[in-house]
Amino acid sequence: MIDKKHKYHGWGYKGLIRAILWLIAPVILVYSLPALRTACVMLVTMLTMLTIAIKKDWFTVRKKRTICGIWAVFLTAPIAAFLGMYLRNRLAEYQIARIQAMFSSGSETDYLTKMLHSLWRQNKLIGKSKSDVTGILPAFNADYILTYLSSVYGIIAAILLCCVLAVLIFAIFNTALRQKNQLGMMMGCGCGIVFLISFLINVLENLGVFPQSITFLPFFSAGGSCIIISYGLMGIVLSTYRYKNIYPRHPETGFMSINSKVKKYRNI
């Protein structure tokens with residue numbers, strides 16, 4: 001029997017506001033380093049985790065309205081603030097130069113995009129292409145390793161690699177969402193979201209669709225930080241899977257309260 005005194009109730013709007021404040025704080029801190037791309041990844045990751053929490057009824061709020069409102073605010077507010085800073089000339093010179101380079105036809109970014117399109121057109125389905133990627137493509141073993149692999153081994157090899165990573169990311173989410181405790185599920189989903197965002201940005205950048213940025217293909221891009229991040233996140237996922245049954249499932253809320261656990265162990 002469940003003690004009615006300790007019956008679970010999801011947090012209301014006050015709890016949601018606290019969660020949003022805790023979400024904003026690290027994003028602002030990372031942005032001030034400055035690390036804009038990392039701050040954006042953190043923002044999307046934590047917004048997705050907050051959305052999962054709302055869908056799981058951890059907050060007693062109107063789900064659809066709350067989720068749509070949160071995403072609308074956090075997607076439009078940064079864009080509006082950035083445009084305002086750009087129009088008022090409050091951005092740093094290097095930031096203005098990068099923005100202008102993205103939209104100018106003769107810039108280095110435009111040249112790199114055209115080169116990527118040319119390399120993909122020359123690639124074969126199987127086997128090495130005629131182009132020497134190592135001599136013309138910067139960071140061929142890091143940011144553009146997918147283009148390098150397709151040039152050396154063929155487009156099919158690159159597609160198979162993407163399929164393997166997609167299956168791995170799906171397995172991470174599947175494992176996380178089956179967790180019986182809140183912490184393990186949220187940690188697993190957070191790691192999966194970081195893998196998914198990094199994977200999608202890297203693929204789109206290699207195809208010349210996404211603007212040039214600092215990115216990596218999980219487990220394959222060279223660089224100490226990329227390898228440490230990939231295996232560190234994977235270690236967290238495996239750890240949450242190893243201890244997935246550490247908290248018994250509560251029959252009504254899905255999670256046993258602390259008071260109920262203390263009561264249970266006292267009766268043993």
# chains A, B, ... in the order shown; residues from 1 in each chain; ligands from 1

call {"tool": "select_by_dssp", "arguments": {"residues": "stretch 34-266 of chain A", "states": "helix (DSSP H, G or I)", "output": "PyMOL selection string"}}
result
chain A and resi 36-55+63-87+93-103+108-122+133-136+145-153+155-177+182-206+224-242+258-266

call {"tool": "residues_around", "arguments": {"residues": "stretch 61-71 of chain A", "least_positions_apart": "3", "cutoff": "8 Å", "atoms": "only C-alpha atoms", "output": "number ranges by chain"}}
result
A: 12-13, 47, 51, 54-55, 74-75

call {"tool": "write_last_selection", "arguments": {"atoms": "N, CA, C and O atoms", "output": "mmCIF file, in the first residue's frame"}}
result
data_model
loop_
_atom_site.group_PDB
_atom_site.id
_atom_site.type_symbol
_atom_site.label_atom_id
_atom_site.label_comp_id
_atom_site.auth_asym_id
_atom_site.auth_seq_id
_atom_site.Cartn_x
_atom_site.Cartn_y
_atom_site.Cartn_z
ATOM 1 N N GLY A 12 4.825 22.121 -9.883
ATOM 2 C CA GLY A 12 4.005 23.017 -10.682
ATOM 3 C C GLY A 12 4.849 24.006 -11.451
ATOM 4 O O GLY A 12 6.023 23.758 -11.762
ATOM 5 N N TYR A 13 4.258 25.166 -11.737
ATOM 6 C CA TYR A 13 4.951 26.182 -12.529
ATOM 7 C C TYR A 13 6.141 26.778 -11.780
ATOM 8 O O TYR A 13 7.115 27.199 -12.406
ATOM 9 N N LEU A 47 16.973 21.878 -23.143
ATOM 10 C CA LEU A 47 15.568 22.094 -23.489
ATOM 11 C C LEU A 47 14.889 20.769 -23.829
ATOM 12 O O LEU A 47 13.726 20.542 -23.461
ATOM 13 N N THR A 51 11.837 19.031 -21.866
ATOM 14 C CA THR A 51 10.642 18.578 -22.568
ATOM 15 C C THR A 51 10.285 17.144 -22.173
ATOM 16 O O THR A 51 9.103 16.818 -21.965
ATOM 17 N N ILE A 54 8.687 17.170 -18.767
ATOM 18 C CA ILE A 54 7.294 17.640 -18.814
ATOM 19 C C ILE A 54 6.389 16.540 -19.362
ATOM 20 O O ILE A 54 5.287 16.311 -18.848
ATOM 21 N N LYS A 55 6.858 15.838 -20.396
ATOM 22 C CA LYS A 55 6.067 14.752 -20.968
ATOM 23 C C LYS A 55 5.875 13.606 -19.977
ATOM 24 O O LYS A 55 4.881 12.877 -20.046
ATOM 25 N N PHE A 74 12.744 30.288 -26.299
ATOM 26 C CA PHE A 74 14.186 30.044 -26.344
ATOM 27 C C PHE A 74 14.746 29.977 -27.760
ATOM 28 O O PHE A 74 15.961 30.058 -27.943
ATOM 29 N N LEU A 75 13.892 29.815 -28.762
ATOM 30 C CA LEU A 75 14.379 29.843 -30.136
ATOM 31 C C LEU A 75 14.335 31.244 -30.738
ATOM 32 O O LEU A 75 15.209 31.621 -31.522
#

call {"tool": "residues_around", "arguments": {"residues": "stretch 217-223 of chain A", "least_positions_apart": "3", "cutoff": "10 Å", "atoms": "only C-alpha atoms", "output": "ChimeraX atom specification"}}
result
/A:139-146,161-162,165,194-196,198-203,226-231,234

call {"tool": "closest_residue", "arguments": {"among": "A:Ile28, A:Ala166, A:Leu116, A:Ala171", "to": "A:Tyr148", "atoms": "only C-alpha atoms"}}
result
A:Leu116

call {"tool": "atom_distance", "arguments": {"atom1": "atom CA of A:Asn123", "atom2": "atom CA of A:Gly154"}}
result
6.4 Å

call {"tool": "closest_residue", "arguments": {"among": "A:Gln212, A:Leu125, A:Leu36, A:Lys114", "to": "A:Pro78", "atoms": "only C-alpha atoms"}}
result
A:Leu36

call {"tool": "atom_distance", "arguments": {"atom1": "atom CA of A:Ile214", "atom2": "atom CA of A:Leu233"}}
result
18.6 Å

call {"tool": "closest_residue", "arguments": {"among": "A:Leu204, A:Met46, A:Val27, A:Thr215", "to": "A:Met187", "atoms": "only C-alpha atoms"}}
result
A:Met46

call {"tool": "atom_distance", "arguments": {"atom1": "atom CA of A:Thr240", "atom2": "atom CA of A:Gly184"}}
result
5.1 Å
